[in-house]
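Participant: I'd like to ask you about the structure that follows.
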Protein chains: 2
Amino acid sequence: MSEFVYGRQPVLEILKAGQRTLHKIWLLEGTGGDIIQEIQNLARAQGIPFEWARREHLDKRVQGHHQGVVAQASAVAFQTLDDFLRQLKAAPALIIALDEIQDPHNVGAILRSAGFFGVSAVLVPKWRNAPVGETAARVSSGAIEHVPLIKITNLAQSIMDLQEANFEVIGADTSGEPMESYQPGKRCAIVFGSEGSGLRRLVRERCDKLLAIPGAGKVASLNVAATAAIFIYEFRRRSSIGRAPVL
Amino acid sequence: MSEFVYGRQPVLEILKAGQRTLHKIWLLEGTGGDIIQEIQNLARAQGIPFEWARREHLDKRVQGHHQGVVAQASAVAFQTLDDFLRQLKAAPALIIALDEIQDPHNVGAILRSAGFFGVSAVLVPKWRNAPVGETAARVSSGAIEHVPLIKITNLAQSIMDLQEANFEVIGADTSGEPMESYQPGKRCAIVFGSEGSGLRRLVRERCDKLLAIPGAGKVASLNVAATAAIFIYEFRRRSSIGRAPVL
């Protein structure tokens, strides 16, 4: 399966990461700049065909703001949780899991934070979650190419699988204890719930611990992507977890 | 000047905050639920007229997803920096400033984080910034009603005004020192630059210090709203700054 991806940074990141196959790249006639040059250099080095094309040619392939760059790429690769855990062996890891997050802007922003802090993997439920599609890929600013993605069908079940593999599973929940009271261990998974209603009951119950970010203002809650950024930052800061071990 | 605002939470927050005048509220016939009930109760208590209306009636007023609630409100109130500093006197404060942030989703998300952590005020440049309009208001989840907004015309000048009022001005910049090495004082302002190119040169030069969030992954940078969330969280956590003093 292949799809069209677009935008300078997203296409550049695919070339850099080298995980997905690029079938072809189209560049808008008359565009230039450092990133366009880097895209050409990498495409040449990797033997990927690219061609200069007119605006209509690019516009008909994608609906978004393509910035003069469109590419046909193989679909984003997902792993299974079993395979991931087998490869991980006993190494330390920080994993995050998304429980019914609907907005692809939020999914993309969370993936970007995960990529920035070197999170080991992101669990994405198969059915109900916002698809990891073009919008999420674009907002992730290329992170989608670097962060191992694990597709799961039943998050409550996957939480038990993680617990069996010695992960402590933390639910981000406004009813939880203050995050600062917690000292992360070597294997942690953090679960983030939907924008409107947070974690589902069963998911919340399966978590080993619920933690909250303490606020001090008149606004009741943070955006889920902001919550995830702070959690990942704080866990990285406080924990002994090193870089992502299986990348 | 007045404008149409929409969505359950945004309208509810305006009613709760009581800073802006609501001229009228329209509710979609047949809608119910706790928030709709609370909106009715508050509107009654404050003598604000509301009426049940058909979908077409709501749809023609706003273009976004109104969730059955539309209101006509006075425009968002901005202060001047002079007035704010005069009222603040010598109190501790944490201020944030936006330098050319374009995307209203990011502006809204930053305002929400500012509201959640009780930031004292947000400086919004008058011309070049994404307007604090409907999208930003909606994404801010009502924070726009609670966080004092200061409209400025020249950020480089305002930085000097803040420095004169004993603020230490921090630029969030990937070239800066690790944020963790820094101990915030009683009066801080943090400046965030645009999504694409960060802080402008002049703004960067005026800052007392540049700080960065250290990453550990393959993705080069965070989304600006994630950056702001982490900075505000970390400054609140480490500093002696209490709640917003002038609200």
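Just so we're on the same page: first chain in the structure tokens is A, next is B, and so on; residues restart at 1 for each chain, and ligands are numbered from 1 in the order they show up.
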Find the spatial neighbours of A:His105, counting only C-alpha atoms, within a cut-off of 8 Å - ignore same-chain residues fewer than 3 positions away - and output them as a PDB file with N, CA, C and O atoms, in the first residue's frame.

Facilitator:
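File written: result17.pdb
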ATOM      1  N   GLY A 108      -0.748  13.993  16.113  1.00  0.00           N
ATOM      2  CA  GLY A 108       0.505  14.418  15.493  1.00  0.00           C
ATOM      3  C   GLY A 108       1.418  15.111  16.483  1.00  0.00           C
ATOM      4  O   GLY A 108       2.629  14.846  16.532  1.00  0.00           O
ATOM      5  N   ALA A 109       0.856  16.000  17.307  1.00  0.00           N
ATOM      6  CA  ALA A 109       1.673  16.734  18.278  1.00  0.00           C
ATOM      7  C   ALA A 109       2.256  15.789  19.325  1.00  0.00           C
ATOM      8  O   ALA A 109       3.410  15.942  19.748  1.00  0.00           O
ATOM      9  N   THR A 135      -2.810  14.263   8.195  1.00  0.00           N
ATOM     10  CA  THR A 135      -2.754  15.398   9.117  1.00  0.00           C
ATOM     11  C   THR A 135      -1.828  15.102  10.294  1.00  0.00           C
ATOM     12  O   THR A 135      -0.943  15.896  10.617  1.00  0.00           O
ATOM     13  N   ALA A 136      -2.021  13.939  10.907  1.00  0.00           N
ATOM     14  CA  ALA A 136      -1.171  13.565  12.043  1.00  0.00           C
ATOM     15  C   ALA A 136       0.294  13.493  11.613  1.00  0.00           C
ATOM     16  O   ALA A 136       1.184  13.955  12.325  1.00  0.00           O
ATOM     17  N   VAL A 139       1.579  17.135  11.163  1.00  0.00           N
ATOM     18  CA  VAL A 139       1.749  17.819  12.450  1.00  0.00           C
ATOM     19  C   VAL A 139       2.897  17.198  13.248  1.00  0.00           C
ATOM     20  O   VAL A 139       3.574  17.891  13.999  1.00  0.00           O
TER      21      VAL A 139
END

Participant: Kindly determine which residues of chain B lie within 6 Å of chain A, considering only C-alpha atoms, and give the answer as an NGL selection string.

Facilitator: :B and (113 or 115-118 or 143 or 215-217 or 219 or 222 or 226 or 229-230)

Participant: What parts of stretch 70-196 of chain B does DSSP call alpha helix (DSSP H)? I'd like the answer as a short mmCIF file (atom, residue, chain, number, x, y, z; two decimals) with N, CA and C atoms, in the first residue's frame.

Facilitator:
data_model
loop_
_atom_site.label_atom_id
_atom_site.label_comp_id
_atom_site.auth_asym_id
_atom_site.auth_seq_id
_atom_site.Cartn_x
_atom_site.Cartn_y
_atom_site.Cartn_z
N LEU B 81 0.39 47.20 28.60
CA LEU B 81 1.45 46.73 29.48
C LEU B 81 1.66 47.71 30.65
N ASP B 82 1.55 49.00 30.35
CA ASP B 82 1.68 50.02 31.40
C ASP B 82 0.68 49.81 32.52
N ASP B 83 -0.59 49.67 32.14
CA ASP B 83 -1.64 49.46 33.14
C ASP B 83 -1.38 48.20 33.96
N PHE B 84 -0.99 47.14 33.24
CA PHE B 84 -0.74 45.88 33.93
C PHE B 84 0.38 46.03 34.95
N LEU B 85 1.47 46.65 34.55
CA LEU B 85 2.62 46.79 35.45
C LEU B 85 2.28 47.69 36.63
N ARG B 86 1.47 48.72 36.38
CA ARG B 86 1.06 49.63 37.45
C ARG B 86 0.25 48.87 38.51
N GLN B 87 -0.70 48.07 38.04
CA GLN B 87 -1.53 47.30 38.98
C GLN B 87 -0.73 46.23 39.72
N LEU B 88 0.27 45.69 39.01
CA LEU B 88 1.07 44.59 39.58
C LEU B 88 1.90 45.06 40.76
N PRO B 104 -3.46 29.75 14.87
CA PRO B 104 -4.37 30.01 15.99
C PRO B 104 -4.57 28.80 16.90
N HIS B 105 -4.36 27.56 16.37
CA HIS B 105 -4.41 26.38 17.24
C HIS B 105 -3.32 26.46 18.30
N ASN B 106 -2.13 26.90 17.88
CA ASN B 106 -1.04 27.02 18.84
C ASN B 106 -1.30 28.15 19.83
N VAL B 107 -1.78 29.29 19.34
CA VAL B 107 -2.10 30.41 20.24
C VAL B 107 -3.12 29.96 21.28
N GLY B 108 -4.17 29.27 20.82
CA GLY B 108 -5.21 28.80 21.74
C GLY B 108 -4.67 27.81 22.76
N ALA B 109 -3.84 26.87 22.30
CA ALA B 109 -3.29 25.86 23.21
C ALA B 109 -2.36 26.51 24.24
N ILE B 110 -1.59 27.51 23.81
CA ILE B 110 -0.69 28.20 24.75
C ILE B 110 -1.51 28.97 25.79
N LEU B 111 -2.59 29.62 25.35
CA LEU B 111 -3.45 30.33 26.30
C LEU B 111 -4.06 29.36 27.32
N ARG B 112 -4.44 28.19 26.83
CA ARG B 112 -5.02 27.20 27.74
C ARG B 112 -4.02 26.77 28.81
N SER B 113 -2.78 26.49 28.38
CA SER B 113 -1.74 26.13 29.35
C SER B 113 -1.48 27.28 30.31
N ALA B 114 -1.46 28.51 29.78
CA ALA B 114 -1.25 29.69 30.63
C ALA B 114 -2.35 29.78 31.68
N GLY B 115 -3.59 29.53 31.24
CA GLY B 115 -4.72 29.57 32.17
C GLY B 115 -4.67 28.46 33.20
N PHE B 116 -4.25 27.28 32.76
CA PHE B 116 -4.19 26.13 33.67
C PHE B 116 -3.17 26.34 34.78
N GLU B 134 -11.71 33.53 16.91
CA GLU B 134 -12.59 32.43 17.28
C GLU B 134 -11.88 31.11 17.48
N THR B 135 -10.97 30.78 16.55
CA THR B 135 -10.27 29.49 16.66
C THR B 135 -9.43 29.44 17.93
N ALA B 136 -8.63 30.48 18.13
CA ALA B 136 -7.79 30.51 19.33
C ALA B 136 -8.65 30.46 20.59
N ALA B 137 -9.76 31.19 20.58
CA ALA B 137 -10.65 31.22 21.75
C ALA B 137 -11.21 29.83 22.03
N ARG B 138 -11.62 29.15 20.97
CA ARG B 138 -12.21 27.82 21.13
C ARG B 138 -11.16 26.83 21.63
N VAL B 139 -9.98 26.82 21.00
CA VAL B 139 -8.92 25.89 21.39
C VAL B 139 -8.45 26.19 22.82
N LEU B 155 7.44 44.12 20.33
CA LEU B 155 7.86 43.20 21.38
C LEU B 155 9.25 43.55 21.93
N ALA B 156 10.16 43.96 21.03
CA ALA B 156 11.52 44.30 21.48
C ALA B 156 11.46 45.45 22.50
N GLN B 157 10.58 46.43 22.24
CA GLN B 157 10.39 47.54 23.17
C GLN B 157 9.77 47.05 24.48
N SER B 158 8.76 46.19 24.38
CA SER B 158 8.08 45.70 25.58
C SER B 158 9.03 44.89 26.45
N ILE B 159 9.97 44.19 25.83
CA ILE B 159 10.96 43.45 26.61
C ILE B 159 11.77 44.42 27.48
N MET B 160 12.13 45.56 26.89
CA MET B 160 12.87 46.56 27.68
C MET B 160 12.01 47.12 28.81
N ASP B 161 10.73 47.35 28.53
CA ASP B 161 9.83 47.82 29.58
C ASP B 161 9.76 46.81 30.72
N LEU B 162 9.70 45.54 30.36
CA LEU B 162 9.64 44.49 31.39
C LEU B 162 10.94 44.45 32.19
N GLN B 163 12.05 44.58 31.49
CA GLN B 163 13.35 44.56 32.19
C GLN B 163 13.45 45.73 33.16
N GLU B 164 12.92 46.87 32.73
CA GLU B 164 12.93 48.04 33.61
C GLU B 164 12.07 47.80 34.86
#

Participant: Record the distance separating atom CA of B:Glu168 and atom CA of B:Lys126, expressed in Å with one decimal.

Facilitator: 22.5 Å

Participant: Kindly assemble as CSV a list of the stretch 59-157 of chain B residues that lie within 12 Å of stretch 197-203 of chain B, each paired with its nearest atom pair and their distance in Å to one decimal, using only C-alpha atoms, sorted first by chain and then by ascending residue number.

Facilitator:
residue,atom,partner,partner_atom,distance
B:Ala97,CA,B:Val203,CA,10.8
B:Leu98,CA,B:Leu199,CA,9.3
B:Asp99,CA,B:Leu199,CA,6.5
B:Glu100,CA,B:Leu199,CA,8.1
B:Ile101,CA,B:Gly198,CA,8.9
B:Gln102,CA,B:Ser197,CA,11.1
B:Asn154,CA,B:Val203,CA,9.7
B:Leu155,CA,B:Val203,CA,7.0
B:Ala156,CA,B:Val203,CA,5.3
B:Gln157,CA,B:Val203,CA,9.0

Participant: Can you write out the residues you just picked, keeping C-alpha atoms, as a PDB file, in the first residue's frame?

Facilitator:
ATOM      1  CA  ALA B  97       4.975  36.635  25.314  1.00  0.00           C
ATOM      2  CA  LEU B  98       4.236  35.401  21.798  1.00  0.00           C
ATOM      3  CA  ASP B  99       6.599  36.471  19.014  1.00  0.00           C
ATOM      4  CA  GLU B 100       4.909  35.968  15.633  1.00  0.00           C
ATOM      5  CA  ILE B 101       3.127  32.721  16.360  1.00  0.00           C
ATOM      6  CA  GLN B 102       0.961  32.173  13.309  1.00  0.00           C
ATOM      7  CA  ASN B 154       6.652  46.237  19.487  1.00  0.00           C
ATOM      8  CA  LEU B 155       7.862  43.203  21.384  1.00  0.00           C
ATOM      9  CA  ALA B 156      11.516  44.303  21.481  1.00  0.00           C
ATOM     10  CA  GLN B 157      10.390  47.544  23.168  1.00  0.00           C
TER      11      GLN B 157
END

Participant: Determine, counting only C-alpha atoms, which protein, DNA and RNA residues have an atom within 8 Å of an atom of A:Arg8; residues of the same chain fewer than 4 positions away are not included. Present the result as a CSV table (one decimal) with N, CA and C atoms, in the first residue's frame.

Facilitator:
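The result, written out as around_17.csv:
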chain,number,residue,atom,x,y,z
A,12,LEU,N,11.4,15.2,3.7
A,12,LEU,CA,12.8,15.1,4.1
A,12,LEU,C,13.0,14.1,5.2
A,35,ILE,N,16.2,23.1,2.1
A,35,ILE,CA,15.5,21.8,2.3
A,35,ILE,C,15.3,21.1,1.0
A,36,ILE,N,14.9,21.9,0.0
A,36,ILE,CA,14.6,21.3,-1.4
A,36,ILE,C,15.9,20.7,-1.9
A,66,HIS,N,1.2,21.8,0.2
A,66,HIS,CA,2.3,20.9,-0.1
A,66,HIS,C,3.6,21.6,-0.1
A,67,GLN,N,3.7,22.9,0.0
A,67,GLN,CA,5.0,23.6,0.0
A,67,GLN,C,5.9,23.2,-1.2
A,68,GLY,N,5.3,22.8,-2.3
A,68,GLY,CA,6.1,22.5,-3.4
A,68,GLY,C,6.7,21.1,-3.4
A,69,VAL,N,6.4,20.3,-2.5
A,69,VAL,CA,6.9,18.9,-2.4
A,69,VAL,C,5.8,17.9,-2.2

Participant: Would you pick out the contacts of A:Val11 at 8 Å or less, using only C-alpha atoms, so that residues sharing its chain but fewer than 5 positions from it are not included, and give the list as an MDAnalysis selection string?

Facilitator: chainID A and resid 5:6 39 69:71 142

Participant: Separation of atom CA of B:Glu205 and atom CA of B:Phe192, in Å?

Facilitator: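 Distance between the two atoms: 13.5 Å.
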
Participant: As an MDAnalysis selection string, please: all residues of stretch 63-94 of chain B that backbone DSSP puts in strand (DSSP E).

Facilitator: chainID B and resid 69:74 78:79 93:94
